[in-house]
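J.: What follows is a structure written as structure tokens; I'll ask about it next.
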Amino acid sequence: NAGVMQNPRHLVRRRGQEARLRCSPMKGHSHVYWYRQLPEEGLKFMVYLQKENIIDESGMPKERFSAEFPKEGPSILRIQQVVRGDSAAYFCASSPLDEQYFGPGTRLTVT
Amino acid sequence: AQSVTQLGSHVSVSEGALVLLRCNYSSSVPPYLFWYVQYPNQGLQLLLKYTSAATLVKGINGFEAEFKKSETSFHLTKPSAHMSDAAEYFCAVRSGNQFYFGTGTSLTVIP
């Protein structure tokens, strides 16, 4: 049973470009969470999705960030018009409900 | 509201010494509690979880944690530190479908 997959592992974008981060949950998991981790900080919750539904996006910045988890395919975290402050590690976790399984993360660098 | 507090953002121990990482939680309902470990440039791995069964929970790599309701604590311990234990450790509490993480404790093991 493959673990949670995230790609790309590393992503470099120039200011103003778009970043698309993908997360494929473990087989059978219908819940996906996205977190952001900045250096010397803990995990900050961003959004919680189930298939085709956003359940809780209280941690998402109001502008430029969006997330989806379509019926088919991976969950996508999209950041439009990236700025230097978006540089961070972004982790997704999938869950069958009682615990979370984390992917290896995508490290976004904005130049 | 649920929250997790990890006392001590940095802990150093000598190889072979006791490891004690502190976690206190607040929860209005019986909690589900977790400890995760993160090695550099990797995602989080589940060390152990408490789900209202035995109060002393054994995890991987020789770690264990004790749930103490009266102290609202879930401290992580290991009798003898190994160099490979050097990592970031996160305590988390689940409430419904939401997971709340502490800010992490960085463990350094001194040879």
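Going through the structure tokens in order, the chains are called A, B, and so on, while each chain numbers its residues from 1 and the ligands are numbered from 1 in the order shown.
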For stretch 57-71 of chain B, list every protein, DNA or RNA residue within 10 Å, evaluated using only C-alpha atoms, and leave out those in the same chain fewer than 2 positions away; present the list as a ChimeraX atom specification.
T.: /B:19-25,30-31,33-35,46-55,73-82,84-85
J.: Select residues of chain B: the criterion is any atom within 8 Å of an atom of chain A, counting only C-alpha atoms; output as a list in words.
T.: Asn41, Gln42, Gly43, Leu44, Gln45, Leu46, Phe90, Asn97, Tyr100, Phe101, Gly102, Thr103 and Gly104 of chain B
J.: Any chance you could export the current selection's C-alpha atoms as a compact mmCIF listing (two decimals), in the first residue's frame?
T.:
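To be explicit, this is the file written out as out_27.txt:
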# COMPACT_ATOMS: atom_id res chain seq x y z
CA ASN B 41 13.58 17.21 4.93
CA GLN B 42 10.97 14.53 5.51
CA GLY B 43 7.30 14.36 6.39
CA LEU B 44 5.90 13.47 9.79
CA GLN B 45 5.82 9.88 10.96
CA LEU B 46 3.47 8.62 13.62
CA PHE B 90 5.28 17.12 17.43
CA ASN B 97 -12.05 15.66 12.13
CA TYR B 100 -4.17 20.47 16.31
CA PHE B 101 -0.39 20.40 16.45
CA GLY B 102 2.06 21.81 18.93
CA THR B 103 4.92 23.98 17.75
CA GLY B 104 7.39 21.12 18.03
J.: Which residues are close to A:Pro70, i.e. within 10 Å by only C-alpha atoms, leaving aside same-chain residues fewer than 3 positions away? Reply as a PDB file with N, CA, C and O atoms, in the first residue's frame.
T.:
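Written file, out-v2.pdb:
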ATOM      1  N   LEU A  49     -10.171  18.809   3.364  1.00  0.00           N
ATOM      2  CA  LEU A  49     -11.080  18.491   2.268  1.00  0.00           C
ATOM      3  C   LEU A  49     -11.491  17.028   2.313  1.00  0.00           C
ATOM      4  O   LEU A  49     -10.733  16.165   2.755  1.00  0.00           O
ATOM      5  N   GLN A  50     -12.691  16.794   1.863  1.00  0.00           N
ATOM      6  CA  GLN A  50     -13.119  15.463   1.490  1.00  0.00           C
ATOM      7  C   GLN A  50     -13.363  15.497  -0.015  1.00  0.00           C
ATOM      8  O   GLN A  50     -13.351  16.559  -0.629  1.00  0.00           O
ATOM      9  N   LYS A  51     -13.599  14.355  -0.584  1.00  0.00           N
ATOM     10  CA  LYS A  51     -13.810  14.304  -2.028  1.00  0.00           C
ATOM     11  C   LYS A  51     -14.872  15.314  -2.469  1.00  0.00           C
ATOM     12  O   LYS A  51     -16.001  15.287  -1.982  1.00  0.00           O
ATOM     13  N   GLU A  52     -14.462  16.221  -3.331  1.00  0.00           N
ATOM     14  CA  GLU A  52     -15.343  17.224  -3.949  1.00  0.00           C
ATOM     15  C   GLU A  52     -15.897  18.241  -2.954  1.00  0.00           C
ATOM     16  O   GLU A  52     -16.784  19.025  -3.321  1.00  0.00           O
ATOM     17  N   ASN A  53     -15.389  18.252  -1.732  1.00  0.00           N
ATOM     18  CA  ASN A  53     -15.897  19.208  -0.744  1.00  0.00           C
ATOM     19  C   ASN A  53     -14.767  19.817   0.077  1.00  0.00           C
ATOM     20  O   ASN A  53     -13.857  19.120   0.499  1.00  0.00           O
ATOM     21  N   ALA A  67      -7.765  25.376  -2.875  1.00  0.00           N
ATOM     22  CA  ALA A  67      -7.509  23.937  -2.799  1.00  0.00           C
ATOM     23  C   ALA A  67      -8.713  23.198  -3.330  1.00  0.00           C
ATOM     24  O   ALA A  67      -9.853  23.683  -3.241  1.00  0.00           O
ATOM     25  N   GLY A  73      -8.483  11.834  -9.160  1.00  0.00           N
ATOM     26  CA  GLY A  73      -7.214  12.531  -9.201  1.00  0.00           C
ATOM     27  C   GLY A  73      -6.790  13.068  -7.854  1.00  0.00           C
ATOM     28  O   GLY A  73      -7.505  12.951  -6.847  1.00  0.00           O
ATOM     29  N   PRO A  74      -5.605  13.685  -7.843  1.00  0.00           N
ATOM     30  CA  PRO A  74      -5.039  14.134  -6.577  1.00  0.00           C
ATOM     31  C   PRO A  74      -5.693  15.409  -6.060  1.00  0.00           C
ATOM     32  O   PRO A  74      -6.399  16.114  -6.796  1.00  0.00           O
ATOM     33  N   SER A  75      -5.417  15.703  -4.826  1.00  0.00           N
ATOM     34  CA  SER A  75      -5.780  17.005  -4.272  1.00  0.00           C
ATOM     35  C   SER A  75      -4.745  18.027  -4.748  1.00  0.00           C
ATOM     36  O   SER A  75      -3.552  17.715  -4.870  1.00  0.00           O
ATOM     37  N   ILE A  76      -5.210  19.217  -5.039  1.00  0.00           N
ATOM     38  CA  ILE A  76      -4.332  20.275  -5.539  1.00  0.00           C
ATOM     39  C   ILE A  76      -4.398  21.480  -4.594  1.00  0.00           C
ATOM     40  O   ILE A  76      -5.496  21.933  -4.241  1.00  0.00           O
TER      41      ILE A  76
END
J.: Excluding A:Gly85 and any residue of its chain fewer than 6 positions from it, enumerate the residues within 12 Å of it, using only C-alpha atoms, and give them as a ChimeraX atom specification.
T.: /A:14-16,36-39,79,108-111
J.: In Å, how far is it from atom CA of B:Pro40 to atom CA of B:Ala86?
T.: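 Computed distance, atom CA of B:Pro40 to atom CA of B:Ala86, equals 9.5 Å.
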J.: Between B:Thr5, B:Gln98, B:Leu56, B:Ala87, which has the minimum distance to A:Glu57 (counting only C-alpha atoms)?
T.: B:Gln98
J.: One number please: atom CA of B:Val13 to atom CA of B:Thr72, in Å, one decimal.
T.: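 Between atom CA of B:Val13 and atom CA of B:Thr72 the gap is 24.8 Å.
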J.: Just list the residues in stretch 24-95 of chain A DSSP gives strand (DSSP E) on the backbone, as an MDAnalysis selection string.
T.: chainID A and resid 24 31:37 43:50 53:56 65:68 75:79 88:95
J.: Just N, CA and C atoms for this one: save the residues we selected as an mmCIF file, in the first residue's frame.
T.:
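The resulting file, out.cif, is shown below:
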data_model
loop_
_atom_site.group_PDB
_atom_site.id
_atom_site.type_symbol
_atom_site.label_atom_id
_atom_site.label_comp_id
_atom_site.auth_asym_id
_atom_site.auth_seq_id
_atom_site.Cartn_x
_atom_site.Cartn_y
_atom_site.Cartn_z
ATOM 1 N N SER A 24 -1.525 12.920 -3.507
ATOM 2 C CA SER A 24 -2.326 11.713 -3.723
ATOM 3 C C SER A 24 -2.440 10.974 -2.397
ATOM 4 N N HIS A 31 -10.095 11.693 3.197
ATOM 5 C CA HIS A 31 -9.893 12.974 3.860
ATOM 6 C C HIS A 31 -8.465 13.442 3.600
ATOM 7 N N VAL A 32 -8.334 14.693 3.220
ATOM 8 C CA VAL A 32 -7.014 15.267 2.971
ATOM 9 C C VAL A 32 -6.875 16.582 3.718
ATOM 10 N N TYR A 33 -5.731 16.763 4.326
ATOM 11 C CA TYR A 33 -5.410 17.996 5.039
ATOM 12 C C TYR A 33 -4.160 18.593 4.405
ATOM 13 N N TRP A 34 -4.102 19.898 4.350
ATOM 14 C CA TRP A 34 -2.893 20.608 3.920
ATOM 15 C C TRP A 34 -2.381 21.460 5.073
ATOM 16 N N TYR A 35 -1.044 21.419 5.233
ATOM 17 C CA TYR A 35 -0.376 22.204 6.266
ATOM 18 C C TYR A 35 0.799 22.954 5.653
ATOM 19 N N ARG A 36 1.157 24.052 6.270
ATOM 20 C CA ARG A 36 2.346 24.795 5.877
ATOM 21 C C ARG A 36 3.303 24.810 7.057
ATOM 22 N N GLN A 37 4.569 24.635 6.755
ATOM 23 C CA GLN A 37 5.586 24.657 7.803
ATOM 24 C C GLN A 37 6.684 25.638 7.406
ATOM 25 N N LEU A 43 3.580 23.106 12.442
ATOM 26 C CA LEU A 43 2.665 22.944 11.324
ATOM 27 C C LEU A 43 1.478 23.878 11.500
ATOM 28 N N LYS A 44 1.183 24.590 10.437
ATOM 29 C CA LYS A 44 0.010 25.455 10.457
ATOM 30 C C LYS A 44 -1.053 24.849 9.541
ATOM 31 N N PHE A 45 -2.193 24.569 10.119
ATOM 32 C CA PHE A 45 -3.293 24.017 9.343
ATOM 33 C C PHE A 45 -3.752 25.007 8.288
ATOM 34 N N MET A 46 -4.015 24.507 7.102
ATOM 35 C CA MET A 46 -4.519 25.372 6.038
ATOM 36 C C MET A 46 -5.956 25.002 5.657
ATOM 37 N N VAL A 47 -6.145 23.748 5.264
ATOM 38 C CA VAL A 47 -7.449 23.372 4.737
ATOM 39 C C VAL A 47 -7.663 21.877 4.911
ATOM 40 N N TYR A 48 -8.943 21.521 5.055
ATOM 41 C CA TYR A 48 -9.346 20.122 5.209
ATOM 42 C C TYR A 48 -10.406 19.850 4.148
ATOM 43 N N LEU A 49 -10.171 18.809 3.364
ATOM 44 C CA LEU A 49 -11.080 18.491 2.268
ATOM 45 C C LEU A 49 -11.491 17.028 2.313
ATOM 46 N N GLN A 50 -12.691 16.794 1.863
ATOM 47 C CA GLN A 50 -13.119 15.463 1.490
ATOM 48 C C GLN A 50 -13.363 15.497 -0.015
ATOM 49 N N ASN A 53 -15.389 18.252 -1.732
ATOM 50 C CA ASN A 53 -15.897 19.208 -0.744
ATOM 51 C C ASN A 53 -14.767 19.817 0.077
ATOM 52 N N ILE A 54 -14.866 21.109 0.308
ATOM 53 C CA ILE A 54 -13.988 21.770 1.266
ATOM 54 C C ILE A 54 -14.728 21.805 2.590
ATOM 55 N N ILE A 55 -14.162 21.138 3.594
ATOM 56 C CA ILE A 55 -14.841 21.039 4.880
ATOM 57 C C ILE A 55 -14.460 22.212 5.791
ATOM 58 N N ASP A 56 -13.188 22.557 5.789
ATOM 59 C CA ASP A 56 -12.715 23.623 6.664
ATOM 60 C C ASP A 56 -11.527 24.296 5.998
ATOM 61 N N PHE A 65 -4.761 31.775 -2.518
ATOM 62 C CA PHE A 65 -4.676 30.345 -2.188
ATOM 63 C C PHE A 65 -6.019 29.676 -2.457
ATOM 64 N N SER A 66 -5.956 28.475 -3.024
ATOM 65 C CA SER A 66 -7.164 27.681 -3.196
ATOM 66 C C SER A 66 -6.783 26.209 -3.161
ATOM 67 N N ALA A 67 -7.765 25.376 -2.875
ATOM 68 C CA ALA A 67 -7.509 23.937 -2.799
ATOM 69 C C ALA A 67 -8.713 23.198 -3.330
ATOM 70 N N GLU A 68 -8.448 22.027 -3.875
ATOM 71 C CA GLU A 68 -9.521 21.187 -4.352
ATOM 72 C C GLU A 68 -9.138 19.727 -4.167
ATOM 73 N N SER A 75 -5.417 15.703 -4.826
ATOM 74 C CA SER A 75 -5.780 17.005 -4.272
ATOM 75 C C SER A 75 -4.745 18.027 -4.748
ATOM 76 N N ILE A 76 -5.210 19.217 -5.039
ATOM 77 C CA ILE A 76 -4.332 20.275 -5.539
ATOM 78 C C ILE A 76 -4.398 21.480 -4.594
ATOM 79 N N LEU A 77 -3.232 21.967 -4.211
ATOM 80 C CA LEU A 77 -3.137 23.259 -3.515
ATOM 81 C C LEU A 77 -2.532 24.233 -4.515
ATOM 82 N N ARG A 78 -3.260 25.301 -4.774
ATOM 83 C CA ARG A 78 -2.848 26.256 -5.797
ATOM 84 C C ARG A 78 -2.551 27.601 -5.160
ATOM 85 N N ILE A 79 -1.402 28.137 -5.487
ATOM 86 C CA ILE A 79 -1.027 29.462 -4.995
ATOM 87 C C ILE A 79 -0.780 30.355 -6.209
ATOM 88 N N ALA A 88 8.078 27.939 1.750
ATOM 89 C CA ALA A 88 7.826 27.099 2.924
ATOM 90 C C ALA A 88 7.776 25.651 2.456
ATOM 91 N N ALA A 89 7.640 24.759 3.435
ATOM 92 C CA ALA A 89 7.347 23.362 3.126
ATOM 93 C C ALA A 89 5.850 23.156 3.295
ATOM 94 N N TYR A 90 5.241 22.538 2.310
ATOM 95 C CA TYR A 90 3.799 22.282 2.352
ATOM 96 C C TYR A 90 3.598 20.777 2.439
ATOM 97 N N PHE A 91 2.883 20.376 3.477
ATOM 98 C CA PHE A 91 2.640 18.955 3.692
ATOM 99 C C PHE A 91 1.155 18.656 3.531
ATOM 100 N N CYS A 92 0.871 17.522 2.941
ATOM 101 C CA CYS A 92 -0.493 17.036 3.000
ATOM 102 C C CYS A 92 -0.516 15.755 3.819
ATOM 103 N N ALA A 93 -1.651 15.506 4.376
ATOM 104 C CA ALA A 93 -1.874 14.298 5.159
ATOM 105 C C ALA A 93 -3.213 13.719 4.748
ATOM 106 N N SER A 94 -3.257 12.409 4.651
ATOM 107 C CA SER A 94 -4.550 11.781 4.389
ATOM 108 C C SER A 94 -4.961 10.996 5.614
ATOM 109 N N SER A 95 -6.243 10.781 5.719
ATOM 110 C CA SER A 95 -6.771 10.206 6.947
ATOM 111 C C SER A 95 -7.992 9.352 6.647
#
J.: May I ask for the distance between atom CA of A:Phe69 and atom CA of B:Tyr39, given in Å to one decimal place?
T.: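 Atom CA of B:Tyr39 lies at a distance of 27.7 Å from atom CA of A:Phe69.
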J.: I need the residue nearest B:Met83 from this list: B:Ser26, B:Phe99, B:Gln2, B:Leu107. Use only C-alpha atoms for the distance.
T.: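 Among the listed residues, B:Leu107 lies closest to B:Met83.
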J.: Return as a list in words the full set of residues in chain B whose backbone-based DSSP assignment is helix (DSSP H, G or I).
T.: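 For chain B, the helix (DSSP H, G or I) set is Ile60, Asn61, Gly62, Lys69, Ser70, Glu71, Met83, Ser84 and Asp85 of chain B.
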J.: With only C-alpha atoms as the basis for distance, which of B:Val93, B:Val37, B:Leu18, B:Val4 is at the shortest distance from B:Val109?
T.: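 So, comparing all the options, the nearest one is B:Leu18.
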